[in-house]
Amino acid sequence: MSQLKVNYAGVELKSPIIVASCGLTETVERVKKAEKFGAGAVVVKTKFEEPMMAKSPTPRFNVISRGFGNDSSLSFYTIEQGAEADIDGYCEEIVKMKEQTDIAIIGSVGGVHDETWVEWSKKVEKAGADILELNLSCPHSNLVIGKASEITETIDHVTRLVKKHVSLPVIAKLTPQMNSPLATAKIIEAAGGDGLCAFSRFLGLDLDIETQQPVMHGGYAGHGGAWSLNYALNWISRMYPEITIPISGCGGITNWQDVIKYFLVGANNVQISALIYLRGYEAIATLNKGIRGYMDNHGYANIADFRGNVVPKIKTLEQFHREQVVVARIDEGKCKACGACERSCIYFAVNKGASYGINNKCAGCGLCQYVCPFKAIEMVSKI
């Protein structure tokens with residue numbers, strides 16, 4: 001029987017599914033619900049030093065769908081701020097979580113001054129948190145909005161500072177908005193960090209063109225969605241061979257297949273939030289079931305059995321095979337002569353007729369196969 005347990009920075013998790021820092025994890029009642037549906041851990045909603053970060057605007061959530069009809073993308077656009085309680089109330093809630101649940105509790109703080117980082121980290125440790133996550137990546141914090149060029153240096157400094165004063169594992173969470181996430185990952189490890197989370201949401205802006213105003217609260221906001229998965233997979237696949245500390249993958253997860261992709265590029269576990277907001281806490285159980293089914297079907301006893309398996313197979317630019325090996329072929333029985341393939345072909349390789357055909361100008365790009373609404377096109381060997 002496959003096991004979902006993973007060891008994250010020395011802490012055993014019953015499941016690799018972690019509920020990320022957000023409103024879903026602010027109270028013991030919500031954490032108990034996450035546990036009920038199979039979460040292995042929660043990152044408690046971050047307590048920020050800046051007073052304004054304790055109060056969220058309303059409305060604070062929006063779902064943006066845009067693009068090409070059935071090919072639209074979805075963004076979860078939010079301005080949710082940090083925990084409302086003061087640091088003592090925040091730690092009291094952690095105590096309750098530890099007393100009333102049996103999953104790992106990850107505290108999360110976001111300071112401004114060195115003394116606050118130290119004091120609050122000690123308090124979170126004393127409250128019984130299993131792990132401490134340093135939030136230096138909130139998309140609508142002053143650090144990300146106004147001091148992006150300083151993020152890597154700040155992560156290095158704060159990680160070293162906090163590690164000197166606490167004994168529990170310390171995780172640094174990365175923003176995707178930095179010059180080199182790989183270089184920063186190495187810096188976190190050198191600074192003594194016990195792991196990292198890649199990534200928080202991007203900082204974005206959306207507009208109402210009739211009022212000519214920013215939507216919702218009137219400013220910048222965090223945004224994520226299924227589209228952000230590939231960015232995270234890219235960087236985690238680069239980090240995995242270069243560092244030894246565990247990586248928590250975050251961003252773009254909509255189903256269990258996405259979770260498997262994170263494991264295949266080297267992630268130790270994953271963090272989710274938007275999926276639960278949009279589909280409920282039940283989504284956690286669905287992910288666990290899908291992961292276990294995949295493992296059973298492939299004969300894996302543990303996630304470690306296939307973690308990072310794809311990384312050695314990723315080809316370099318020099319290794320790409322650049323000779324054309326396929327061409328398109330249209331199934332005349334399925335073709336409805338709708339013209340979608342002709343409109344998208346920049347090579348003039350589609351011949352018109354009662355049904356369409358492919359001529360010798362086909363470059364084998366593969367786009368026509370995707371745009372055909374009747375699945376009448378396949379790519380076949382050129383030989």
# chains A, B, ... in the order shown; residues from 1 in each chain; ligands from 1
$ residues_around --residues "Gly128 (chain A)" --least-positions-apart "3" --cutoff "7 Å" --atoms "only C-alpha atoms" --output "PyMOL selection string"
chain A and resi 95+98+124-125
$ select_by_dssp --residues "region 80-171 of chain A" --states "alpha helix (DSSP H)" --output "PyMOL selection string"
chain A and resi 87-100+114-127+142-146+151-163
$ write_last_selection --atoms "N, CA and C atoms" --output "compact mmCIF listing (two decimals), in the first residue's frame"
# COMPACT_ATOMS: atom_id res chain seq x y z
N ILE A 87 0.18 39.69 18.00
CA ILE A 87 1.07 38.54 18.00
C ILE A 87 0.75 37.57 19.13
N ASP A 88 0.32 38.08 20.28
CA ASP A 88 -0.02 37.18 21.39
C ASP A 88 -1.28 36.39 21.08
N GLY A 89 -2.28 37.07 20.50
CA GLY A 89 -3.50 36.36 20.10
C GLY A 89 -3.21 35.35 19.00
N TYR A 90 -2.31 35.71 18.10
CA TYR A 90 -1.89 34.81 17.02
C TYR A 90 -1.29 33.54 17.60
N CYS A 91 -0.41 33.70 18.59
CA CYS A 91 0.24 32.55 19.20
C CYS A 91 -0.73 31.72 20.03
N GLU A 92 -1.72 32.37 20.64
CA GLU A 92 -2.74 31.63 21.38
C GLU A 92 -3.52 30.72 20.44
N GLU A 93 -3.76 31.19 19.23
CA GLU A 93 -4.47 30.37 18.24
C GLU A 93 -3.61 29.18 17.84
N ILE A 94 -2.30 29.36 17.73
CA ILE A 94 -1.40 28.24 17.43
C ILE A 94 -1.45 27.20 18.54
N VAL A 95 -1.48 27.67 19.79
CA VAL A 95 -1.59 26.74 20.92
C VAL A 95 -2.85 25.89 20.79
N LYS A 96 -3.97 26.52 20.44
CA LYS A 96 -5.24 25.79 20.27
C LYS A 96 -5.13 24.78 19.12
N MET A 97 -4.49 25.20 18.05
CA MET A 97 -4.34 24.30 16.90
C MET A 97 -3.55 23.06 17.29
N LYS A 98 -2.49 23.25 18.06
CA LYS A 98 -1.68 22.13 18.50
C LYS A 98 -2.45 21.22 19.45
N GLU A 99 -3.29 21.80 20.28
CA GLU A 99 -4.06 21.02 21.25
C GLU A 99 -5.22 20.26 20.61
N GLN A 100 -5.80 20.84 19.57
CA GLN A 100 -7.04 20.30 19.03
C GLN A 100 -6.90 19.59 17.69
N ASP A 114 14.48 44.04 12.73
CA ASP A 114 15.17 42.85 13.20
C ASP A 114 14.62 42.36 14.54
N GLU A 115 14.38 43.30 15.46
CA GLU A 115 13.92 42.89 16.78
C GLU A 115 12.54 42.22 16.72
N THR A 116 11.73 42.63 15.76
CA THR A 116 10.41 42.00 15.60
C THR A 116 10.55 40.59 15.06
N TRP A 117 11.39 40.41 14.06
CA TRP A 117 11.63 39.07 13.52
C TRP A 117 12.05 38.12 14.65
N VAL A 118 12.96 38.56 15.47
CA VAL A 118 13.48 37.71 16.54
C VAL A 118 12.40 37.45 17.59
N GLU A 119 11.77 38.50 18.09
CA GLU A 119 10.77 38.36 19.15
C GLU A 119 9.60 37.48 18.70
N TRP A 120 9.07 37.74 17.52
CA TRP A 120 7.91 36.99 17.05
C TRP A 120 8.25 35.55 16.72
N SER A 121 9.44 35.33 16.17
CA SER A 121 9.84 33.95 15.86
C SER A 121 9.95 33.13 17.15
N LYS A 122 10.49 33.74 18.19
CA LYS A 122 10.59 33.06 19.49
C LYS A 122 9.20 32.75 20.04
N LYS A 123 8.27 33.68 19.91
CA LYS A 123 6.92 33.47 20.42
C LYS A 123 6.20 32.36 19.67
N VAL A 124 6.37 32.31 18.35
CA VAL A 124 5.76 31.25 17.55
C VAL A 124 6.33 29.90 17.95
N GLU A 125 7.64 29.85 18.19
CA GLU A 125 8.26 28.61 18.65
C GLU A 125 7.72 28.20 20.01
N LYS A 126 7.62 29.14 20.92
CA LYS A 126 7.12 28.85 22.28
C LYS A 126 5.67 28.37 22.24
N ALA A 127 4.90 28.86 21.27
CA ALA A 127 3.50 28.46 21.15
C ALA A 127 3.35 27.01 20.69
N ASN A 142 4.92 45.86 1.22
CA ASN A 142 5.78 46.95 0.78
C ASN A 142 7.11 46.45 0.25
N LEU A 143 7.56 45.28 0.74
CA LEU A 143 8.83 44.74 0.26
C LEU A 143 8.74 44.37 -1.21
N VAL A 144 7.70 43.64 -1.59
CA VAL A 144 7.55 43.20 -2.97
C VAL A 144 7.15 44.36 -3.87
N ILE A 145 6.28 45.23 -3.39
CA ILE A 145 5.83 46.35 -4.22
C ILE A 145 6.92 47.40 -4.39
N GLY A 146 7.60 47.75 -3.30
CA GLY A 146 8.50 48.89 -3.38
C GLY A 146 9.97 48.60 -3.30
N ILE A 151 14.99 42.02 -2.19
CA ILE A 151 14.38 40.83 -1.63
C ILE A 151 15.41 39.75 -1.29
N THR A 152 16.31 39.46 -2.22
CA THR A 152 17.28 38.39 -1.97
C THR A 152 18.16 38.70 -0.77
N GLU A 153 18.64 39.93 -0.69
CA GLU A 153 19.47 40.33 0.45
C GLU A 153 18.70 40.25 1.76
N THR A 154 17.42 40.64 1.70
CA THR A 154 16.59 40.59 2.91
C THR A 154 16.34 39.16 3.35
N ILE A 155 16.08 38.27 2.40
CA ILE A 155 15.89 36.86 2.73
C ILE A 155 17.13 36.28 3.39
N ASP A 156 18.28 36.59 2.83
CA ASP A 156 19.55 36.12 3.40
C ASP A 156 19.72 36.62 4.83
N HIS A 157 19.52 37.90 5.02
CA HIS A 157 19.70 38.51 6.34
C HIS A 157 18.72 37.94 7.37
N VAL A 158 17.44 37.90 7.01
CA VAL A 158 16.42 37.46 7.96
C VAL A 158 16.56 35.98 8.29
N THR A 159 16.89 35.16 7.31
CA THR A 159 17.08 33.74 7.57
C THR A 159 18.21 33.52 8.57
N ARG A 160 19.33 34.18 8.35
CA ARG A 160 20.47 34.05 9.28
C ARG A 160 20.09 34.56 10.67
N LEU A 161 19.40 35.67 10.71
CA LEU A 161 19.00 36.28 11.98
C LEU A 161 18.10 35.35 12.79
N VAL A 162 17.06 34.86 12.15
CA VAL A 162 16.08 34.03 12.87
C VAL A 162 16.69 32.70 13.28
N LYS A 163 17.51 32.12 12.43
CA LYS A 163 18.13 30.83 12.75
C LYS A 163 19.01 30.90 14.00
$ atom_distance --atom1 "CA of Val310 (chain A)" --atom2 "CA of Asn268 (chain A)"
14.2 Å
$ residues_around --residues "Ile314 (chain A)" --least-positions-apart "5" --cutoff "12 Å" --atoms "only C-alpha atoms" --output "list of chain:residue names"
A:Leu233, A:Asn234, A:Ser237, A:Arg238, A:Leu264, A:Val265, A:Gly308, A:Asn309, A:Gln319, A:Phe320
$ residues_around --residues "Ala85 (chain A)" --least-positions-apart "6" --cutoff "12 Å" --atoms "only C-alpha atoms" --output "ChimeraX atom specification"
/A:26-27,45-49,51,53-55,91-94
$ closest_atom_pairs --of "region 237-327 of chain A" --to "region 206-228 of chain A" --cutoff "7 Å" --atoms "only C-alpha atoms" --output "CSV"
residue,atom,partner,partner_atom,distance
A:Gly251,CA,A:Ser228,CA,5.8
A:Gly252,CA,A:Ala226,CA,4.0
A:Ile253,CA,A:Ala226,CA,6.2
A:Thr254,CA,A:Ala226,CA,6.4
$ atom_distance --atom1 "CA of Tyr262 (chain A)" --atom2 "CA of Asp305 (chain A)"
13.7 Å
$ residues_around --residues "region 368-383 of chain A" --least-positions-apart "2" --cutoff "9 Å" --atoms "only C-alpha atoms" --output "short mmCIF file (atom, residue, chain, number, x, y, z; two decimals) with N, CA and C atoms, in the first residue's frame"
data_model
loop_
_atom_site.label_atom_id
_atom_site.label_comp_id
_atom_site.auth_asym_id
_atom_site.auth_seq_id
_atom_site.Cartn_x
_atom_site.Cartn_y
_atom_site.Cartn_z
N GLN A 324 12.84 18.00 -38.78
CA GLN A 324 11.41 17.75 -38.81
C GLN A 324 11.15 16.25 -38.91
N VAL A 325 10.39 15.72 -37.97
CA VAL A 325 10.12 14.28 -37.95
C VAL A 325 8.64 13.96 -38.12
N VAL A 326 7.75 14.97 -38.03
CA VAL A 326 6.32 14.71 -38.16
C VAL A 326 5.68 15.71 -39.12
N VAL A 327 4.54 15.31 -39.63
CA VAL A 327 3.67 16.18 -40.44
C VAL A 327 2.24 15.97 -39.98
N ALA A 328 1.37 16.89 -40.34
CA ALA A 328 -0.04 16.76 -39.99
C ALA A 328 -0.75 15.85 -40.98
N ARG A 329 -1.77 15.15 -40.49
CA ARG A 329 -2.62 14.35 -41.37
C ARG A 329 -4.06 14.55 -40.95
N ILE A 330 -4.94 14.84 -41.91
CA ILE A 330 -6.35 15.09 -41.63
C ILE A 330 -7.17 13.84 -41.93
N ASP A 331 -8.01 13.46 -41.00
CA ASP A 331 -8.95 12.35 -41.18
C ASP A 331 -10.18 12.91 -41.90
N GLU A 332 -10.33 12.56 -43.17
CA GLU A 332 -11.43 13.12 -43.96
C GLU A 332 -12.79 12.75 -43.39
N GLY A 333 -12.87 11.62 -42.72
CA GLY A 333 -14.15 11.22 -42.14
C GLY A 333 -14.59 12.10 -40.98
N LYS A 334 -13.63 12.73 -40.31
CA LYS A 334 -13.95 13.60 -39.17
C LYS A 334 -13.96 15.08 -39.56
N CYS A 335 -13.29 15.43 -40.64
CA CYS A 335 -13.15 16.83 -41.02
C CYS A 335 -14.49 17.43 -41.46
N LYS A 336 -14.81 18.62 -40.95
CA LYS A 336 -16.06 19.32 -41.30
C LYS A 336 -15.77 20.57 -42.15
N CYS A 338 -14.26 23.29 -41.49
CA CYS A 338 -14.60 24.51 -40.76
C CYS A 338 -13.60 25.63 -40.99
N GLY A 339 -12.39 25.28 -41.42
CA GLY A 339 -11.39 26.29 -41.73
C GLY A 339 -10.48 26.68 -40.59
N ALA A 340 -10.66 26.08 -39.41
CA ALA A 340 -9.83 26.46 -38.26
C ALA A 340 -8.36 26.19 -38.53
N CYS A 341 -8.04 25.05 -39.13
CA CYS A 341 -6.65 24.71 -39.40
C CYS A 341 -6.03 25.65 -40.42
N GLU A 342 -6.81 26.02 -41.43
CA GLU A 342 -6.30 26.91 -42.47
C GLU A 342 -5.98 28.30 -41.88
N SER A 344 -5.08 29.07 -38.90
CA SER A 344 -3.96 29.08 -37.97
C SER A 344 -2.63 28.69 -38.63
N CYS A 345 -2.65 28.19 -39.86
CA CYS A 345 -1.43 27.70 -40.51
C CYS A 345 -0.69 28.85 -41.20
N GLY A 364 5.25 20.66 -39.65
CA GLY A 364 5.16 19.78 -38.48
C GLY A 364 5.07 20.52 -37.15
N CYS A 365 4.55 21.76 -37.16
CA CYS A 365 4.55 22.56 -35.92
C CYS A 365 3.57 22.04 -34.88
N GLY A 366 2.48 21.40 -35.31
CA GLY A 366 1.54 20.79 -34.37
C GLY A 366 0.37 21.64 -33.94
#
$ closest_residue --among "A:Val350, A:Trp235, A:His165, A:Leu24" --to "Met178 (chain A)" --atoms "only C-alpha atoms"
A:Trp235
$ closest_residue --among "A:Ala285, A:Ile131, A:Ala190, A:Ile247" --to "Gly107 (chain A)" --atoms "only C-alpha atoms"
A:Ile131
$ select_by_dssp --residues "region 58-143 of chain A" --states "strand (DSSP E or B)" --output "VMD selection string"
chain A and resid 61 to 66 73 to 78 104 to 110 131 to 135
$ write_last_selection --atoms "C-alpha atoms" --output "compact mmCIF listing (two decimals), in the first residue's frame"
# COMPACT_ATOMS: atom_id res chain seq x y z
CA PHE A 61 -11.50 38.36 -3.87
CA ASN A 62 -12.13 38.37 -7.60
CA VAL A 63 -11.95 35.71 -10.30
CA ILE A 64 -10.82 37.00 -13.68
CA SER A 65 -11.45 34.95 -16.81
CA ARG A 66 -10.09 36.24 -20.09
CA SER A 73 -7.42 31.55 -18.50
CA LEU A 74 -8.53 32.04 -14.91
CA SER A 75 -6.79 34.23 -12.35
CA PHE A 76 -7.65 34.28 -8.66
CA TYR A 77 -7.12 37.96 -7.90
CA THR A 78 -6.95 38.86 -4.21
CA ALA A 104 1.79 19.86 11.54
CA ILE A 105 1.31 23.55 12.32
CA ILE A 106 3.56 25.96 10.46
CA GLY A 107 3.69 29.46 11.88
CA SER A 108 4.21 32.39 9.51
CA VAL A 109 5.50 35.86 10.35
CA GLY A 110 6.40 38.92 8.33
CA ILE A 131 7.94 24.82 11.60
CA LEU A 132 8.33 28.56 11.01
CA GLU A 133 7.81 30.01 7.54
CA LEU A 134 9.29 33.46 6.89
CA ASN A 135 6.92 35.49 4.74
$ closest_residue --among "A:Gly10, A:Gly293, A:Pro241, A:Pro57" --to "Ile171 (chain A)" --atoms "only C-alpha atoms"
A:Gly10
$ atom_distance --atom1 "CA of Ala34 (chain A)" --atom2 "CA of Gly204 (chain A)"
28.4 Å
